[in-house]
>>> print(open('start-v9.tsv').read())   # TSV, C-alpha atoms
chain	number	residue	atom	x	y	z
A	1	MET	CA	1.54	-185.49	-62.09
A	2	LEU	CA	1.55	-181.77	-62.02
A	3	SER	CA	1.56	-178.88	-59.57
A	4	ALA	CA	1.12	-179.46	-55.87
A	5	THR	CA	-1.66	-176.92	-55.69
A	6	SER	CA	-3.66	-178.03	-58.66
A	7	SER	CA	-2.86	-181.66	-59.20
A	8	ASP	CA	-1.04	-184.49	-57.58
A	9	GLU	CA	2.60	-184.12	-58.47
A	10	GLY	CA	5.66	-182.10	-59.54
A	11	ASP	CA	6.24	-178.64	-60.98
A	12	ASP	CA	7.34	-179.34	-64.54
A	13	ARG	CA	5.51	-177.11	-66.98
A	14	PRO	CA	4.41	-178.51	-70.34
A	15	ASP	CA	5.41	-177.05	-73.70
A	16	LEU	CA	2.54	-174.58	-73.99
A	17	ALA	CA	3.69	-173.47	-77.44
A	18	ALA	CA	3.28	-177.03	-78.73
A	19	LEU	CA	-0.12	-177.31	-77.08
A	20	GLU	CA	-1.16	-174.02	-78.68
A	21	ARG	CA	-0.16	-175.34	-82.12
A	22	THR	CA	-2.32	-178.40	-81.53
A	23	ALA	CA	-5.19	-176.26	-80.30
A	24	ARG	CA	-5.06	-174.10	-83.42
A	25	GLU	CA	-5.00	-177.17	-85.66
A	26	VAL	CA	-8.02	-178.62	-83.89
A	27	ALA	CA	-9.83	-175.28	-83.92
A	28	ALA	CA	-9.28	-174.95	-87.67
A	29	GLY	CA	-10.62	-178.43	-88.26
A	30	TRP	CA	-13.69	-177.78	-86.11
A	31	GLY	CA	-14.34	-174.32	-87.56
A	32	LEU	CA	-13.61	-172.50	-84.31
A	33	GLU	CA	-12.03	-169.10	-83.71
A	34	LEU	CA	-9.87	-169.04	-80.60
A	35	GLY	CA	-9.53	-166.13	-78.23
A	36	PRO	CA	-6.50	-165.42	-76.03
A	37	PRO	CA	-5.70	-168.32	-73.66
A	38	PHE	CA	-6.70	-168.08	-70.02
A	39	ALA	CA	-3.81	-166.89	-67.87
A	40	LEU	CA	-4.51	-169.35	-65.05
A	41	ALA	CA	-4.22	-172.37	-67.36
A	42	ARG	CA	-0.59	-173.19	-66.61
A	43	TYR	CA	-0.57	-176.93	-67.33
A	44	SER	CA	-2.91	-177.16	-70.32
A	45	TYR	CA	-3.72	-174.86	-73.21
A	46	VAL	CA	-7.19	-173.46	-72.54
A	47	ALA	CA	-8.80	-170.75	-74.65
A	48	PRO	CA	-12.31	-169.49	-75.36
A	49	ALA	CA	-13.89	-170.43	-78.66
A	50	GLY	CA	-17.09	-168.43	-78.88
A	51	ASP	CA	-19.63	-170.04	-76.56
A	52	ALA	CA	-17.28	-172.93	-75.82
A	53	ILE	CA	-13.83	-173.59	-74.39
A	54	LEU	CA	-11.09	-175.52	-76.19
A	55	LYS	CA	-8.68	-177.37	-73.93
A	56	VAL	CA	-5.61	-179.37	-74.92
A	57	THR	CA	-3.81	-181.36	-72.23
A	58	PRO	CA	-0.19	-182.54	-72.46
A	59	PRO	CA	0.51	-186.29	-72.81
A	60	GLU	CA	2.46	-186.32	-69.54
A	61	ASP	CA	-0.64	-185.22	-67.61
A	62	ASP	CA	-1.83	-188.77	-67.09
A	63	GLU	CA	-4.25	-187.67	-64.39
A	64	ALA	CA	-6.31	-185.96	-67.09
A	65	ASP	CA	-6.58	-189.11	-69.23
A	66	GLU	CA	-10.19	-189.75	-68.20
A	67	GLU	CA	-11.30	-186.11	-67.88
A	68	ALA	CA	-13.56	-186.36	-70.93
A	69	ASP	CA	-15.00	-189.69	-69.75
A	70	ALA	CA	-15.92	-188.15	-66.39
A	71	LEU	CA	-17.51	-185.09	-67.97
A	72	GLU	CA	-19.44	-187.35	-70.34
A	73	LEU	CA	-20.69	-189.42	-67.42
A	74	TRP	CA	-21.71	-186.38	-65.35
A	75	ASP	CA	-23.45	-184.96	-68.44
A	76	GLY	CA	-23.62	-181.42	-67.11
A	77	ASP	CA	-24.89	-182.40	-63.65
A	78	GLY	CA	-22.51	-180.50	-61.37
A	79	ALA	CA	-19.83	-180.05	-64.04
A	80	VAL	CA	-19.40	-178.35	-67.39
A	81	ARG	CA	-20.64	-180.30	-70.37
A	82	LEU	CA	-18.36	-182.08	-72.82
A	83	LEU	CA	-19.31	-180.97	-76.32
A	84	ARG	CA	-16.68	-182.71	-78.47
A	85	ARG	CA	-13.35	-184.48	-78.15
A	86	ASP	CA	-10.33	-185.52	-80.18
A	87	ARG	CA	-8.77	-188.42	-78.30
A	88	ALA	CA	-5.57	-188.59	-80.32
A	89	ARG	CA	-4.76	-184.92	-79.83
A	90	ARG	CA	-6.11	-184.77	-76.25
A	91	ALA	CA	-8.42	-181.92	-77.20
A	92	LEU	CA	-11.74	-181.20	-75.52
A	93	LEU	CA	-14.45	-178.76	-76.50
A	94	LEU	CA	-16.26	-177.77	-73.33
A	95	GLU	CA	-19.29	-175.77	-72.30
A	96	ARG	CA	-18.29	-172.19	-71.54
A	97	ALA	CA	-19.57	-171.19	-68.12
A	98	ARG	CA	-20.44	-167.53	-67.80
A	99	PRO	CA	-19.52	-165.41	-65.96
A	100	GLY	CA	-16.94	-168.10	-65.14
A	101	THR	CA	-15.70	-166.60	-61.88
A	102	ASP	CA	-14.65	-169.08	-59.20
A	103	LEU	CA	-15.20	-169.49	-55.46
A	104	ALA	CA	-11.95	-167.79	-54.45
A	105	ASP	CA	-13.69	-164.46	-53.87
A	106	VAL	CA	-16.89	-165.87	-52.34
A	107	ALA	CA	-17.55	-165.45	-48.62
A	108	GLU	CA	-16.25	-168.45	-46.70
A	109	GLU	CA	-19.61	-169.77	-45.48
A	110	ASP	CA	-21.15	-169.45	-48.94
A	111	ALA	CA	-18.13	-171.07	-50.63
A	112	ILE	CA	-18.37	-174.06	-48.29
A	113	ASP	CA	-22.09	-174.48	-48.93
A	114	ILE	CA	-21.60	-174.29	-52.70
A	115	ALA	CA	-18.68	-176.72	-52.65
A	116	VAL	CA	-20.60	-179.29	-50.60
A	117	ALA	CA	-23.56	-179.06	-52.97
A	118	VAL	CA	-21.51	-179.32	-56.17
A	119	ALA	CA	-19.33	-182.17	-54.92
A	120	GLY	CA	-22.39	-184.06	-53.73
A	121	ARG	CA	-23.83	-183.98	-57.26
A	122	LEU	CA	-20.62	-185.35	-58.73
A	123	TRP	CA	-20.32	-188.15	-56.20
A	124	THR	CA	-23.79	-189.51	-56.93
A	125	ARG	CA	-22.85	-190.46	-60.48
A	126	GLY	CA	-20.79	-193.59	-60.90
A	127	PRO	CA	-19.82	-195.86	-63.77
A	128	SER	CA	-21.44	-199.23	-64.27
A	129	PRO	CA	-19.49	-202.14	-62.74
A	130	GLY	CA	-17.22	-203.80	-65.28
A	131	GLU	CA	-17.65	-200.98	-67.79
A	132	SER	CA	-15.51	-198.30	-66.20
A	133	PRO	CA	-12.65	-196.56	-68.00
A	134	PHE	CA	-11.57	-195.06	-64.69
A	135	ARG	CA	-8.59	-196.08	-62.59
A	136	SER	CA	-8.58	-196.74	-58.87
A	137	VAL	CA	-6.61	-194.16	-56.93
A	138	HIS	CA	-5.17	-197.02	-54.92
A	139	ASP	CA	-3.15	-198.07	-57.95
A	140	HIS	CA	-1.26	-194.78	-57.57
A	141	VAL	CA	-1.20	-193.60	-53.95
A	142	PRO	CA	1.58	-196.01	-52.86
A	143	ARG	CA	3.83	-194.65	-55.61
A	144	TRP	CA	2.99	-191.04	-54.80
A	145	LEU	CA	3.80	-191.65	-51.15
A	146	ALA	CA	7.02	-193.44	-52.03
A	147	ASN	CA	8.07	-190.43	-54.09
A	148	ALA	CA	7.53	-188.27	-50.99
A	149	ALA	CA	9.75	-190.37	-48.74
A	150	ALA	CA	11.95	-187.36	-47.90
A	151	PHE	CA	9.00	-185.15	-46.95
A	152	PRO	CA	8.06	-184.61	-43.29
A	153	LEU	CA	4.64	-186.30	-43.31
A	154	HIS	CA	5.72	-189.45	-45.10
A	155	ALA	CA	5.81	-191.80	-42.11
A	156	LEU	CA	2.48	-190.66	-40.67
A	157	ALA	CA	0.77	-190.63	-44.07
A	158	THR	CA	2.03	-194.12	-44.86
A	159	GLU	CA	0.78	-195.41	-41.51
A	160	LEU	CA	-2.63	-193.86	-42.10
A	161	TYR	CA	-2.85	-195.18	-45.63
A	162	ASP	CA	-1.84	-198.70	-44.59
A	163	GLY	CA	-4.61	-198.67	-41.98
A	164	ILE	CA	-7.43	-197.22	-44.07
A	165	GLU	CA	-10.01	-199.30	-45.90
A	166	LYS	CA	-9.21	-199.08	-49.61
A	167	ARG	CA	-12.52	-197.91	-51.02
A	168	ALA	CA	-12.91	-197.22	-54.74
A	169	ASP	CA	-16.67	-197.11	-55.19
A	170	THR	CA	-17.14	-193.46	-56.20
A	171	LEU	CA	-15.99	-191.40	-59.15
A	172	VAL	CA	-14.29	-188.41	-57.56
A	173	HIS	CA	-13.24	-185.11	-59.11
A	174	GLY	CA	-9.65	-185.55	-57.94
A	175	ASP	CA	-8.71	-181.85	-57.81
A	176	PHE	CA	-11.69	-180.31	-56.07
A	177	HIS	CA	-11.03	-176.78	-54.82
A	178	HIS	CA	-12.20	-173.17	-55.10
A	179	GLN	CA	-10.61	-172.38	-58.47
A	180	ASN	CA	-12.21	-175.48	-59.99
A	181	VAL	CA	-15.78	-174.52	-59.10
A	182	ILE	CA	-17.08	-171.69	-61.25
A	183	ARG	CA	-20.28	-169.73	-61.66
A	184	SER	CA	-22.49	-170.29	-64.68
A	185	ARG	CA	-26.01	-169.46	-65.79
A	186	ARG	CA	-26.89	-173.03	-64.79
A	187	GLY	CA	-25.45	-172.56	-61.30
A	188	PRO	CA	-22.00	-173.43	-59.95
A	189	LEU	CA	-20.15	-176.10	-61.94
A	190	ALA	CA	-16.93	-178.05	-61.51
A	191	ILE	CA	-14.16	-177.89	-64.10
A	192	ASP	CA	-10.79	-179.54	-64.68
A	193	PRO	CA	-11.35	-182.95	-63.05
A	194	LYS	CA	-8.54	-185.44	-62.47
A	195	PRO	CA	-10.97	-188.34	-62.03
A	196	TYR	CA	-10.32	-191.54	-60.14
A	197	LEU	CA	-12.33	-194.22	-58.42
A	198	ALA	CA	-11.94	-193.56	-54.72
A	199	GLU	CA	-14.30	-192.35	-52.00
A	200	PRO	CA	-15.83	-188.90	-51.45
A	201	GLU	CA	-13.58	-188.25	-48.47
A	202	TYR	CA	-10.56	-188.33	-50.80
A	203	ASP	CA	-11.87	-185.27	-52.64
A	204	VAL	CA	-12.11	-182.95	-49.62
A	205	ALA	CA	-8.38	-182.59	-48.97
A	206	SER	CA	-7.61	-180.10	-51.75
A	207	PHE	CA	-10.54	-177.93	-50.67
A	208	LEU	CA	-8.95	-177.58	-47.21
A	209	TRP	CA	-5.75	-175.90	-48.41
A	210	ASN	CA	-7.21	-173.65	-51.10
A	211	PRO	CA	-7.81	-171.05	-52.50
A	212	LEU	CA	-4.39	-169.75	-53.46
A	213	PRO	CA	-2.09	-168.77	-51.87
A	214	THR	CA	-2.04	-172.26	-50.40
A	215	ARG	CA	-2.57	-172.60	-46.67
A	216	LEU	CA	-4.94	-174.39	-44.33
A	217	ARG	CA	-8.05	-172.30	-43.75
A	218	ASN	CA	-11.04	-172.78	-41.43
A	219	VAL	CA	-10.30	-176.48	-41.54
A	220	ASP	CA	-12.65	-177.59	-38.78
A	221	ASP	CA	-15.61	-175.69	-40.26
A	222	ARG	CA	-14.95	-177.07	-43.71
A	223	ILE	CA	-14.59	-180.64	-42.50
A	224	ALA	CA	-17.72	-180.28	-40.35
A	225	ALA	CA	-19.74	-179.14	-43.37
A	226	PHE	CA	-18.76	-182.16	-45.45
A	227	ALA	CA	-19.32	-184.46	-42.45
A	228	ALA	CA	-22.80	-182.98	-42.00
A	229	ALA	CA	-23.48	-183.93	-45.62
A	230	GLY	CA	-22.78	-187.58	-44.78
A	231	LEU	CA	-19.02	-188.02	-45.10
A	232	ASP	CA	-16.84	-189.66	-42.46
A	233	GLU	CA	-14.87	-186.99	-40.58
A	234	ALA	CA	-12.03	-189.29	-39.54
A	235	ARG	CA	-11.51	-190.42	-43.13
A	236	ILE	CA	-11.53	-186.82	-44.37
A	237	ARG	CA	-8.79	-186.01	-41.89
A	238	ALA	CA	-6.79	-189.10	-42.78
A	239	TRP	CA	-6.96	-188.36	-46.49
A	240	ALA	CA	-5.89	-184.75	-45.88
A	241	VAL	CA	-2.71	-186.02	-44.26
A	242	ILE	CA	-2.14	-188.76	-46.85
A	243	ARG	CA	-2.58	-186.46	-49.83
A	244	GLY	CA	-0.87	-183.56	-48.10
A	245	ALA	CA	2.25	-185.67	-47.58
A	246	TYR	CA	3.00	-185.57	-51.32
A	247	LEU	CA	1.06	-182.47	-52.36
A	248	GLN	CA	1.61	-179.94	-49.59
A	249	PRO	CA	4.68	-180.91	-47.52
A	250	GLU	CA	5.11	-177.29	-46.44
A	251	LEU	CA	1.83	-177.60	-44.51
A	252	ALA	CA	3.07	-180.57	-42.50
A	253	ASP	CA	2.59	-179.05	-39.04
A	254	GLY	CA	-1.00	-178.05	-39.67
A	255	LEU	CA	-1.87	-181.30	-41.39
A	256	ARG	CA	-0.32	-183.39	-38.64
A	257	ALA	CA	-2.66	-181.72	-36.16
A	258	LEU	CA	-5.69	-183.04	-38.05
A	259	VAL	CA	-5.31	-186.60	-36.76
>>> encode(input="start-v9.tsv", output="structure tokens")
Amino acid sequence: MLSATSSDEGDDRPDLAALERTAREVAAGWGLELGPPFALARYSYVAPAGDAILKVTPPEDDEADEEADALELWDGDGAVRLLRRDRARRALLLERARPGTDLADVAEEDAIDIAVAVAGRLWTRGPSPGESPFRSVHDHVPRWLANAAAFPLHALATELYDGIEKRADTLVHGDFHHQNVIRSRRGPLAIDPKPYLAEPEYDVASFLWNPLPTRLRNVDDRIAAFAAAGLDEARIRAWAVIRGAYLQPELADGLRALV
């Protein structure tokens, strides 16, 4: 796992130089000309390639293993389109969303409304039973919590997780927040999923402590908006504490107050 603000674990940065070499090899094979990489892409190599985006993820980013599968399933409905992939080299050619600006500079009320609408489109698309390449988040949460045993929310988060129904009936984005919803000519679209089978309530947590710099913002209004769209408020709050225990331990006081 990767950064606490953009994914579910640790701070170790990948070898971006190696990823760039792979990207250039793939681009040459696909007849693409790469532009300068995007500065905010700290854990993958991401660069424009004309009207597309070439992305190469490091092997240690196991949360991105099914990114292409999720984008293929969503097929442009609420997320950027997958145009091409190289499984062996973990390279994806993606639709380039223009202007490509994210929700970080959008007025709070508008950002909430957009996020609820985009997430709702993603959550309506699920894989067929027995044919899913996606992993259940419940195969991982116990380990993530165990790794956070020294963090202040560990005991409360473990208690909440032990008591929650283990749902895994929805394909979730997995890293849903302001910087991962961008403007396009087709409307706002999600990017950079870390997909798992879970429940919609799981996805809301990262939206509560973004955009950067990380802190809890307008939490009650944000939770209320997702609850009004049909989600369970108590489960949103529980998941915020559970995920926050290993992702955002510095926000322990604020997160503890959610339940």
>>> residues_around(input="start-v9.tsv", residues="stretch 197-211 of chain A", least_positions_apart="4", cutoff="6 Å", atoms="all atoms listed in the file", output="number ranges by chain")
A: 104, 135-137, 167-171, 174, 176-178, 215-216, 219, 236, 239-240
>>> atom_distance(input="start-v9.tsv", atom1="atom CA of A:Pro213", atom2="atom CA of A:Gly244")
15.3 Å
>>> residues_around(input="start-v9.tsv", residues="A:Ala257", least_positions_apart="5", cutoff="12 Å", atoms="all atoms listed in the file", output="JSON, numbers by chain")
{"A": [153, 156, 216, 219, 220, 237, 238, 240, 241, 251, 252]}
>>> closest_residue(input="start-v9.tsv", among="A:Ala245, A:Leu258, A:Ala111, A:Ala234", to="A:Ala155", atoms="only C-alpha atoms")
A:Ala245
>>> residues_around(input="start-v9.tsv", residues="stretch 63-69 of chain A", least_positions_apart="4", cutoff="7 Å", atoms="only C-alpha atoms", output="JSON list (two decimals) with C-alpha atoms, keeping the file's coordinate frame")
[["chain", "number", "residue", "atom", "x", "y", "z"],
["A", 1, "MET", "CA", 1.54, -185.49, -62.09],
["A", 73, "LEU", "CA", -20.69, -189.42, -67.42],
["A", 82, "LEU", "CA", -18.36, -182.08, -72.82],
["A", 134, "PHE", "CA", -11.57, -195.06, -64.69],
["A", 193, "PRO", "CA", -11.35, -182.95, -63.05],
["A", 194, "LYS", "CA", -8.54, -185.44, -62.47],
["A", 195, "PRO", "CA", -10.97, -188.34, -62.03]]
>>> residues_around(input="start-v9.tsv", residues="A:Leu16", least_positions_apart="2", cutoff="10 Å", atoms="only C-alpha atoms", output="VMD selection string")
chain A and resid 13 to 14 18 to 22 41 to 46 56 to 58
>>> atom_distance(input="start-v9.tsv", atom1="atom CA of A:Asp61", atom2="atom CA of A:Ala17")
15.9 Å
>>> atom_distance(input="start-v9.tsv", atom1="atom CA of A:Ala148", atom2="atom CA of A:Gly254")
17.5 Å
>>> closest_atom_pairs(input="start-v9.tsv", of="stretch 125-238 of chain A", to="stretch 93-102 of chain A", cutoff="8 Å", atoms="only C-alpha atoms", output="JSON lines")
{"residue": "A:His178", "atom": "CA", "partner": "A:Asp102", "partner_atom": "CA", "distance": 6.3}
{"residue": "A:Gln179", "atom": "CA", "partner": "A:Asp102", "partner_atom": "CA", "distance": 5.3}
{"residue": "A:Asn180", "atom": "CA", "partner": "A:Asp102", "partner_atom": "CA", "distance": 6.9}
{"residue": "A:Val181", "atom": "CA", "partner": "A:Asp102", "partner_atom": "CA", "distance": 5.6}
{"residue": "A:Ile182", "atom": "CA", "partner": "A:Asp102", "partner_atom": "CA", "distance": 4.1}
{"residue": "A:Arg183", "atom": "CA", "partner": "A:Gly100", "partner_atom": "CA", "distance": 5.1}
{"residue": "A:Ser184", "atom": "CA", "partner": "A:Ala97", "partner_atom": "CA", "distance": 4.6}
{"residue": "A:Arg185", "atom": "CA", "partner": "A:Arg98", "partner_atom": "CA", "distance": 6.2}
{"residue": "A:Leu189", "atom": "CA", "partner": "A:Ala97", "partner_atom": "CA", "distance": 7.9}
>>> closest_residue(input="start-v9.tsv", among="A:Leu122, A:Leu145, A:Ile112, A:Ala27", to="A:Leu92", atoms="all atoms listed in the file")
A:Ala27
>>> closest_residue(input="start-v9.tsv", among="A:Leu71, A:Val172, A:Ala49, A:Leu40", to="A:Tyr196", atoms="only C-alpha atoms")
A:Val172
>>> closest_residue(input="start-v9.tsv", among="A:Glu109, A:Asp162, A:Asp15, A:Glu33", to="A:Val141", atoms="all atoms listed in the file")
A:Asp162
>>> closest_residue(input="start-v9.tsv", among="A:Ala117, A:Leu212, A:Ile223, A:Ala150", to="A:Gly78", atoms="all atoms listed in the file")
A:Ala117
>>> closest_residue(input="start-v9.tsv", among="A:Val26, A:Ala115, A:Leu247, A:Glu108", to="A:Arg87", atoms="only C-alpha atoms")
A:Val26
>>> decode(input="start-v9.tsv", residues="stretch 75-102 of chain A", atoms="N, CA, C and O atoms", output="compact mmCIF listing (two decimals), in the first residue's frame")
# COMPACT_ATOMS: atom_id res chain seq x y z
N ASP A 75 -16.57 1.39 -18.16
CA ASP A 75 -16.71 1.72 -19.57
C ASP A 75 -17.05 3.20 -19.79
O ASP A 75 -17.93 3.54 -20.59
N GLY A 76 -16.36 4.07 -19.06
CA GLY A 76 -16.57 5.49 -19.24
C GLY A 76 -17.73 6.08 -18.49
O GLY A 76 -17.96 7.30 -18.55
N ASP A 77 -18.51 5.28 -17.79
CA ASP A 77 -19.66 5.77 -17.05
C ASP A 77 -19.22 6.19 -15.64
O ASP A 77 -19.16 5.36 -14.73
N GLY A 78 -18.86 7.45 -15.48
CA GLY A 78 -18.41 7.96 -14.19
C GLY A 78 -16.91 7.92 -14.00
O GLY A 78 -16.39 8.43 -13.00
N ALA A 79 -16.19 7.33 -14.95
CA ALA A 79 -14.73 7.24 -14.86
C ALA A 79 -14.13 7.39 -16.25
O ALA A 79 -14.83 7.23 -17.26
N VAL A 80 -12.84 7.69 -16.29
CA VAL A 80 -12.17 7.78 -17.59
C VAL A 80 -12.17 6.41 -18.26
O VAL A 80 -12.19 5.37 -17.59
N ARG A 81 -12.13 6.43 -19.57
CA ARG A 81 -12.15 5.18 -20.33
C ARG A 81 -10.76 4.55 -20.41
O ARG A 81 -9.75 5.25 -20.54
N LEU A 82 -10.73 3.23 -20.36
CA LEU A 82 -9.51 2.47 -20.64
C LEU A 82 -9.44 2.26 -22.15
O LEU A 82 -10.36 1.71 -22.75
N LEU A 83 -8.32 2.69 -22.74
CA LEU A 83 -8.14 2.58 -24.18
C LEU A 83 -7.29 1.37 -24.58
O LEU A 83 -7.51 0.77 -25.63
N ARG A 84 -6.30 1.04 -23.74
CA ARG A 84 -5.38 -0.04 -24.06
C ARG A 84 -4.62 -0.42 -22.80
O ARG A 84 -4.48 0.42 -21.90
N ARG A 85 -4.12 -1.65 -22.75
CA ARG A 85 -3.35 -2.05 -21.58
C ARG A 85 -2.25 -3.03 -21.97
O ARG A 85 -2.36 -3.73 -22.97
N ASP A 86 -1.20 -3.03 -21.16
CA ASP A 86 -0.13 -4.02 -21.26
C ASP A 86 -0.02 -4.62 -19.87
O ASP A 86 0.58 -4.03 -18.97
N ARG A 87 -0.60 -5.79 -19.68
CA ARG A 87 -0.66 -6.39 -18.35
C ARG A 87 0.74 -6.64 -17.77
O ARG A 87 0.99 -6.36 -16.60
N ALA A 88 1.61 -7.18 -18.59
CA ALA A 88 2.93 -7.57 -18.08
C ALA A 88 3.71 -6.36 -17.58
O ALA A 88 4.43 -6.45 -16.57
N ARG A 89 3.58 -5.24 -18.27
CA ARG A 89 4.34 -4.05 -17.88
C ARG A 89 3.52 -3.06 -17.07
O ARG A 89 3.98 -1.97 -16.77
N ARG A 90 2.30 -3.46 -16.69
CA ARG A 90 1.42 -2.65 -15.83
C ARG A 90 1.22 -1.26 -16.42
O ARG A 90 1.22 -0.25 -15.70
N ALA A 91 1.02 -1.22 -17.73
CA ALA A 91 0.84 0.04 -18.43
C ALA A 91 -0.60 0.18 -18.91
O ALA A 91 -1.17 -0.78 -19.45
N LEU A 92 -1.16 1.36 -18.72
CA LEU A 92 -2.52 1.65 -19.13
C LEU A 92 -2.54 2.88 -20.01
O LEU A 92 -1.89 3.89 -19.69
N LEU A 93 -3.26 2.83 -21.10
CA LEU A 93 -3.52 4.00 -21.91
C LEU A 93 -4.95 4.43 -21.62
O LEU A 93 -5.89 3.65 -21.80
N LEU A 94 -5.10 5.66 -21.13
CA LEU A 94 -6.37 6.13 -20.61
C LEU A 94 -6.88 7.34 -21.39
O LEU A 94 -6.09 8.11 -21.94
N GLU A 95 -8.18 7.49 -21.38
CA GLU A 95 -8.80 8.71 -21.90
C GLU A 95 -8.20 9.93 -21.19
O GLU A 95 -8.04 9.93 -19.97
N ARG A 96 -7.90 10.96 -21.95
CA ARG A 96 -7.40 12.20 -21.35
C ARG A 96 -8.57 13.15 -21.13
O ARG A 96 -9.23 13.57 -22.08
N ALA A 97 -8.84 13.44 -19.88
CA ALA A 97 -9.95 14.33 -19.54
C ALA A 97 -9.46 15.77 -19.61
O ALA A 97 -8.47 16.13 -18.98
N ARG A 98 -10.14 16.58 -20.35
CA ARG A 98 -9.81 18.00 -20.44
C ARG A 98 -10.99 18.83 -19.97
O ARG A 98 -12.11 18.52 -20.31
N PRO A 99 -10.75 19.87 -19.16
CA PRO A 99 -9.44 20.44 -18.83
C PRO A 99 -8.66 19.65 -17.78
O PRO A 99 -7.49 19.93 -17.55
N GLY A 100 -9.27 18.69 -17.12
CA GLY A 100 -8.53 17.83 -16.20
C GLY A 100 -8.32 18.39 -14.82
O GLY A 100 -7.60 17.79 -14.01
N THR A 101 -8.93 19.52 -14.51
CA THR A 101 -8.83 20.07 -13.16
C THR A 101 -9.73 19.30 -12.21
O THR A 101 -10.75 18.74 -12.61
N ASP A 102 -9.32 19.25 -10.93
CA ASP A 102 -10.06 18.41 -9.98
C ASP A 102 -10.99 19.23 -9.09
O ASP A 102 -11.17 20.44 -9.31
